[in-house]
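Some notes on the structure that comes next.
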Amino acid sequence: MTTTHKISLTVLIAGLVAGVAALGAFSAFSATTSNTGNSFASGTVAIGDNDGGSAALYTSAGNKPGDSVVSCIRVTYTGSLASSVKLYTPSVITNGTMFNLKVERGTQTTGVFPACGDFAATSTAYDAALGSFPTTYAAGTDGKAAAAAWATSDTVAYRFTVTQNDDPTANAHTAVTSSGSHDFTWEARSN
């Protein structure tokens, strides 16, 4: 066999092999399946109260030792994720030792903010000097007793009682002693 015949035969065999390979690639069995409509979305964390977030819980002036002001507020959780709620004031309160703050948790169905209507206490969240109230979420007072989680539509009513403490120091009250303006914050964080 001559070299030309060998080359021609090699080219012919290579062509046949390529043709069979191509035919095999186009004649295979196949099947597919799909999974459609995939989506991923976050849950929500949302909290509000019955004052609309814009009214003072209490204001009082001209108090003498033992005088108190009492106000109530209802806080409702509307988020979709289970959350922990804490109550704190975001800043240190001026003359905080001069006033006592008692915060009670409970239920209330009647009464327009800040009236207490039919408030019924279920636990005491805080009862000490106003100036010692927590100033951060981490140190905050639990929104529910035993730090129970909040779920969608949970509502807790709070009764705040602020009392002027006695100070028998001579000449200590020749000028007004005030707590200054301060805020209370309920913060929800998902568990």
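Within each chain, counting starts at residue 1; across the structure tokens, chains are named A, B, ... in the order shown, with ligands numbered 1 upward in that order.
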
What lies within 12 Å of Ser132 of chain A using only C-alpha atoms, ignoring chain neighbours under 6 positions off, as number ranges by chain? A: 88-89, 91-102, 126, 139-141

Would you return as a list of chain:residue names the members of segment 94-191 of chain A that DSSP assigns to helix (DSSP H, G or I) on this structure's backbone?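 Result set for segment 94-191 of chain A (helix (DSSP H, G or I)): A:Gly96, A:Thr97, A:Met98, A:Leu130, A:Gly131, A:Ser132, A:Ala145, A:Ala146, A:Ala147.
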
Would you mind exporting the chosen residues as a PDB file, in the first residue's frame, restricted to C-alpha atoms?
ATOM      1  CA  GLY A  96     -33.705  61.895  88.007  1.00  0.00           C
ATOM      2  CA  THR A  97     -33.273  61.118  91.695  1.00  0.00           C
ATOM      3  CA  MET A  98     -35.885  63.744  92.577  1.00  0.00           C
ATOM      4  CA  LEU A 130     -36.623  58.160  87.149  1.00  0.00           C
ATOM      5  CA  GLY A 131     -32.936  58.898  86.572  1.00  0.00           C
ATOM      6  CA  SER A 132     -32.015  55.209  86.866  1.00  0.00           C
ATOM      7  CA  ALA A 145     -43.086  39.903  81.666  1.00  0.00           C
ATOM      8  CA  ALA A 146     -40.290  37.290  81.592  1.00  0.00           C
ATOM      9  CA  ALA A 147     -39.062  38.743  78.270  1.00  0.00           C
TER      10      ALA A 147
END

Closest pair table for segment 90-115 of chain A residues within 9 Å of segment 55-72 of chain A, only C-alpha atoms, as a Markdown table:
| residue | atom | partner | partner_atom | distance |
| --- | --- | --- | --- | --- |
| A:Gln108 | CA | A:Cys72 | CA | 8.8 |
| A:Gly111 | CA | A:Cys72 | CA | 8.7 |
| A:Val112 | CA | A:Cys72 | CA | 8.9 |
| A:Phe113 | CA | A:Cys72 | CA | 6.6 |
| A:Pro114 | CA | A:Cys72 | CA | 5.0 |
| A:Ala115 | CA | A:Cys72 | CA | 5.8 |

A straight line from atom CA of His182 of chain A to atom CA of Thr124 of chain A spans 21.0 Å

Correct to one decimal, the distance atom CA of Asn191 of chain A-atom CA of Ser83 of chain A is 5.1 Å

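One finds atom CA of Phe133 of chain A at 12.2 Å from atom CA of Val162 of chain A.
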
Given only C-alpha atoms as the basis, pick out the residue of A:Asp183, A:Asp127, A:Asp142, A:Asp118 nearest to Thr163 of chain A.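 That would be A:Asp127, the residue with the smallest distance to Thr163 of chain A.
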
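Of the residues under consideration (A:Asn38, A:Ser84, A:Thr32, A:Asn171), A:Ser84 shows the shortest atom-to-atom contact distance to Ala138 of chain A when counting only C-alpha atoms.
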
When distances are computed from only C-alpha atoms, which of A:Ala170, A:Val103, A:Ala157, A:Ala46 shows the smallest separation from Gly79 of chain A? A:Ala46

Extract the full set of strand (DSSP E or B) residues from segment 34-154 of chain A according to DSSP on the backbone, and format it as a JSON list (two decimals) with N, CA, C and O atoms, in the first residue's frame.
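What landed in states.json:
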[["chain", "number", "residue", "atom", "x", "y", "z"],
["A", 47, "ILE", "N", -43.88, 48.32, 65.18],
["A", 47, "ILE", "CA", -44.49, 48.55, 66.49],
["A", 47, "ILE", "C", -45.06, 49.96, 66.51],
["A", 47, "ILE", "O", -44.53, 50.87, 65.88],
["A", 48, "GLY", "N", -46.17, 50.14, 67.21],
["A", 48, "GLY", "CA", -46.79, 51.46, 67.32],
["A", 48, "GLY", "C", -47.53, 51.58, 68.63],
["A", 48, "GLY", "O", -47.64, 50.63, 69.40],
["A", 49, "ASP", "N", -48.03, 52.78, 68.91],
["A", 49, "ASP", "CA", -48.79, 52.99, 70.15],
["A", 49, "ASP", "C", -50.00, 53.86, 69.87],
["A", 49, "ASP", "O", -50.15, 54.42, 68.79],
["A", 68, "SER", "N", -48.37, 62.91, 92.41],
["A", 68, "SER", "CA", -48.11, 61.98, 91.30],
["A", 68, "SER", "C", -48.93, 62.37, 90.08],
["A", 68, "SER", "O", -49.97, 63.02, 90.19],
["A", 69, "VAL", "N", -48.45, 61.94, 88.93],
["A", 69, "VAL", "CA", -49.21, 62.01, 87.69],
["A", 69, "VAL", "C", -49.24, 60.59, 87.14],
["A", 69, "VAL", "O", -48.26, 59.86, 87.21],
["A", 70, "VAL", "N", -50.43, 60.18, 86.66],
["A", 70, "VAL", "CA", -50.62, 58.81, 86.17],
["A", 70, "VAL", "C", -51.12, 58.89, 84.73],
["A", 70, "VAL", "O", -52.09, 59.60, 84.44],
["A", 71, "SER", "N", -50.47, 58.13, 83.84],
["A", 71, "SER", "CA", -50.86, 58.09, 82.43],
["A", 71, "SER", "C", -50.71, 56.67, 81.89],
["A", 71, "SER", "O", -49.87, 55.90, 82.38],
["A", 72, "CYS", "N", -51.50, 56.35, 80.88],
["A", 72, "CYS", "CA", -51.44, 55.03, 80.27],
["A", 72, "CYS", "C", -51.24, 55.13, 78.76],
["A", 72, "CYS", "O", -51.65, 56.10, 78.13],
["A", 73, "ILE", "N", -50.61, 54.09, 78.22],
["A", 73, "ILE", "CA", -50.39, 54.00, 76.78],
["A", 73, "ILE", "C", -50.47, 52.53, 76.39],
["A", 73, "ILE", "O", -50.09, 51.65, 77.16],
["A", 74, "ARG", "N", -51.02, 52.27, 75.20],
["A", 74, "ARG", "CA", -51.10, 50.90, 74.68],
["A", 74, "ARG", "C", -50.13, 50.77, 73.50],
["A", 74, "ARG", "O", -50.13, 51.58, 72.58],
["A", 75, "VAL", "N", -49.32, 49.72, 73.54],
["A", 75, "VAL", "CA", -48.33, 49.46, 72.49],
["A", 75, "VAL", "C", -48.73, 48.17, 71.77],
["A", 75, "VAL", "O", -49.03, 47.17, 72.42],
["A", 76, "THR", "N", -48.75, 48.23, 70.43],
["A", 76, "THR", "CA", -49.17, 47.08, 69.62],
["A", 76, "THR", "C", -48.08, 46.71, 68.63],
["A", 76, "THR", "O", -47.50, 47.58, 67.98],
["A", 77, "TYR", "N", -47.82, 45.42, 68.53],
["A", 77, "TYR", "CA", -46.83, 44.90, 67.58],
["A", 77, "TYR", "C", -47.55, 44.45, 66.33],
["A", 77, "TYR", "O", -48.50, 43.66, 66.41],
["A", 83, "SER", "N", -40.68, 38.91, 67.88],
["A", 83, "SER", "CA", -39.70, 39.91, 68.29],
["A", 83, "SER", "C", -39.62, 40.06, 69.79],
["A", 83, "SER", "O", -40.55, 39.72, 70.51],
["A", 84, "SER", "N", -38.49, 40.59, 70.22],
["A", 84, "SER", "CA", -38.31, 41.01, 71.61],
["A", 84, "SER", "C", -38.52, 42.51, 71.64],
["A", 84, "SER", "O", -38.03, 43.22, 70.76],
["A", 85, "VAL", "N", -39.25, 42.99, 72.63],
["A", 85, "VAL", "CA", -39.50, 44.42, 72.76],
["A", 85, "VAL", "C", -38.91, 44.88, 74.09],
["A", 85, "VAL", "O", -39.11, 44.23, 75.12],
["A", 86, "LYS", "N", -38.20, 45.99, 74.04],
["A", 86, "LYS", "CA", -37.61, 46.58, 75.24],
["A", 86, "LYS", "C", -38.06, 48.04, 75.32],
["A", 86, "LYS", "O", -38.29, 48.71, 74.32],
["A", 87, "LEU", "N", -38.15, 48.53, 76.56],
["A", 87, "LEU", "CA", -38.52, 49.92, 76.85],
["A", 87, "LEU", "C", -37.33, 50.58, 77.50],
["A", 87, "LEU", "O", -36.73, 50.05, 78.44],
["A", 88, "TYR", "N", -36.97, 51.78, 77.00],
["A", 88, "TYR", "CA", -35.86, 52.54, 77.57],
["A", 88, "TYR", "C", -36.04, 54.01, 77.24],
["A", 88, "TYR", "O", -36.91, 54.38, 76.46],
["A", 99, "PHE", "N", -37.39, 62.21, 91.39],
["A", 99, "PHE", "CA", -38.69, 61.69, 90.99],
["A", 99, "PHE", "C", -38.64, 60.17, 90.95],
["A", 99, "PHE", "O", -37.64, 59.57, 90.58],
["A", 100, "ASN", "N", -39.75, 59.54, 91.33],
["A", 100, "ASN", "CA", -39.86, 58.08, 91.23],
["A", 100, "ASN", "C", -40.74, 57.75, 90.03],
["A", 100, "ASN", "O", -41.74, 58.42, 89.77],
["A", 101, "LEU", "N", -40.34, 56.71, 89.32],
["A", 101, "LEU", "CA", -41.13, 56.24, 88.18],
["A", 101, "LEU", "C", -41.54, 54.79, 88.43],
["A", 101, "LEU", "O", -40.71, 53.94, 88.75],
["A", 102, "LYS", "N", -42.83, 54.55, 88.30],
["A", 102, "LYS", "CA", -43.34, 53.18, 88.36],
["A", 102, "LYS", "C", -44.00, 52.88, 87.01],
["A", 102, "LYS", "O", -44.87, 53.64, 86.56],
["A", 103, "VAL", "N", -43.57, 51.81, 86.36],
["A", 103, "VAL", "CA", -44.15, 51.38, 85.08],
["A", 103, "VAL", "C", -44.75, 50.00, 85.29],
["A", 103, "VAL", "O", -44.04, 49.07, 85.66],
["A", 104, "GLU", "N", -46.06, 49.92, 85.07],
["A", 104, "GLU", "CA", -46.76, 48.64, 85.21],
["A", 104, "GLU", "C", -47.23, 48.17, 83.84],
["A", 104, "GLU", "O", -47.66, 48.97, 83.02],
["A", 105, "ARG", "N", -47.14, 46.87, 83.61],
["A", 105, "ARG", "CA", -47.69, 46.25, 82.39],
["A", 105, "ARG", "C", -49.10, 45.77, 82.71],
["A", 105, "ARG", "O", -49.38, 45.39, 83.85],
["A", 106, "GLY", "N", -49.95, 45.76, 81.69],
["A", 106, "GLY", "CA", -51.29, 45.25, 81.95],
["A", 106, "GLY", "C", -52.14, 45.22, 80.70],
["A", 106, "GLY", "O", -51.64, 45.19, 79.58],
["A", 107, "THR", "N", -53.44, 45.27, 80.94],
["A", 107, "THR", "CA", -54.41, 45.28, 79.85],
["A", 107, "THR", "C", -55.27, 46.52, 79.98],
["A", 107, "THR", "O", -55.46, 47.06, 81.07],
["A", 120, "ALA", "N", -55.77, 47.32, 83.90],
["A", 120, "ALA", "CA", -55.61, 46.30, 84.95],
["A", 120, "ALA", "C", -54.16, 45.82, 84.91],
["A", 120, "ALA", "O", -53.72, 45.27, 83.91],
["A", 121, "ALA", "N", -53.43, 46.07, 85.99],
["A", 121, "ALA", "CA", -52.01, 45.71, 86.06],
["A", 121, "ALA", "C", -51.85, 44.19, 86.12],
["A", 121, "ALA", "O", -52.61, 43.50, 86.81],
["A", 122, "THR", "N", -50.84, 43.68, 85.40],
["A", 122, "THR", "CA", -50.50, 42.26, 85.47],
["A", 122, "THR", "C", -49.09, 42.05, 86.02],
["A", 122, "THR", "O", -48.78, 40.99, 86.53],
["A", 123, "SER", "N", -48.23, 43.07, 85.91],
["A", 123, "SER", "CA", -46.87, 42.97, 86.46],
["A", 123, "SER", "C", -46.26, 44.37, 86.53],
["A", 123, "SER", "O", -46.74, 45.30, 85.88],
["A", 124, "THR", "N", -45.22, 44.51, 87.33],
["A", 124, "THR", "CA", -44.49, 45.77, 87.42],
["A", 124, "THR", "C", -43.18, 45.62, 86.66],
["A", 124, "THR", "O", -42.39, 44.72, 86.93],
["A", 125, "ALA", "N", -42.97, 46.52, 85.70],
["A", 125, "ALA", "CA", -41.77, 46.49, 84.88],
["A", 125, "ALA", "C", -40.62, 47.27, 85.52],
["A", 125, "ALA", "O", -39.46, 46.92, 85.36],
["A", 126, "TYR", "N", -40.98, 48.34, 86.26],
["A", 126, "TYR", "CA", -39.95, 49.22, 86.83],
["A", 126, "TYR", "C", -40.57, 50.00, 87.98],
["A", 126, "TYR", "O", -41.70, 50.45, 87.88],
["A", 127, "ASP", "N", -39.81, 50.19, 89.07],
["A", 127, "ASP", "CA", -40.27, 51.01, 90.20],
["A", 127, "ASP", "C", -39.03, 51.50, 90.95],
["A", 127, "ASP", "O", -38.55, 50.86, 91.87],
["A", 128, "ALA", "N", -38.51, 52.65, 90.50],
["A", 128, "ALA", "CA", -37.29, 53.21, 91.09],
["A", 128, "ALA", "C", -37.14, 54.65, 90.62],
["A", 128, "ALA", "O", -38.04, 55.22, 90.00],
["A", 129, "ALA", "N", -35.99, 55.23, 90.88],
["A", 129, "ALA", "CA", -35.73, 56.62, 90.49],
["A", 129, "ALA", "C", -35.84, 56.78, 88.98],
["A", 129, "ALA", "O", -35.37, 55.94, 88.21],
["A", 141, "THR", "N", -35.98, 47.65, 79.82],
["A", 141, "THR", "CA", -36.99, 46.90, 80.55],
["A", 141, "THR", "C", -37.78, 46.06, 79.55],
["A", 141, "THR", "O", -38.18, 46.56, 78.50],
["A", 142, "ASP", "N", -38.01, 44.80, 79.86],
["A", 142, "ASP", "CA", -38.75, 43.93, 78.95],
["A", 142, "ASP", "C", -40.16, 44.44, 78.71],
["A", 142, "ASP", "O", -40.86, 44.83, 79.64],
["A", 150, "TRP", "N", -42.98, 38.83, 71.31],
["A", 150, "TRP", "CA", -44.18, 39.46, 70.78],
["A", 150, "TRP", "C", -44.50, 38.86, 69.43],
["A", 150, "TRP", "O", -43.60, 38.63, 68.62]]
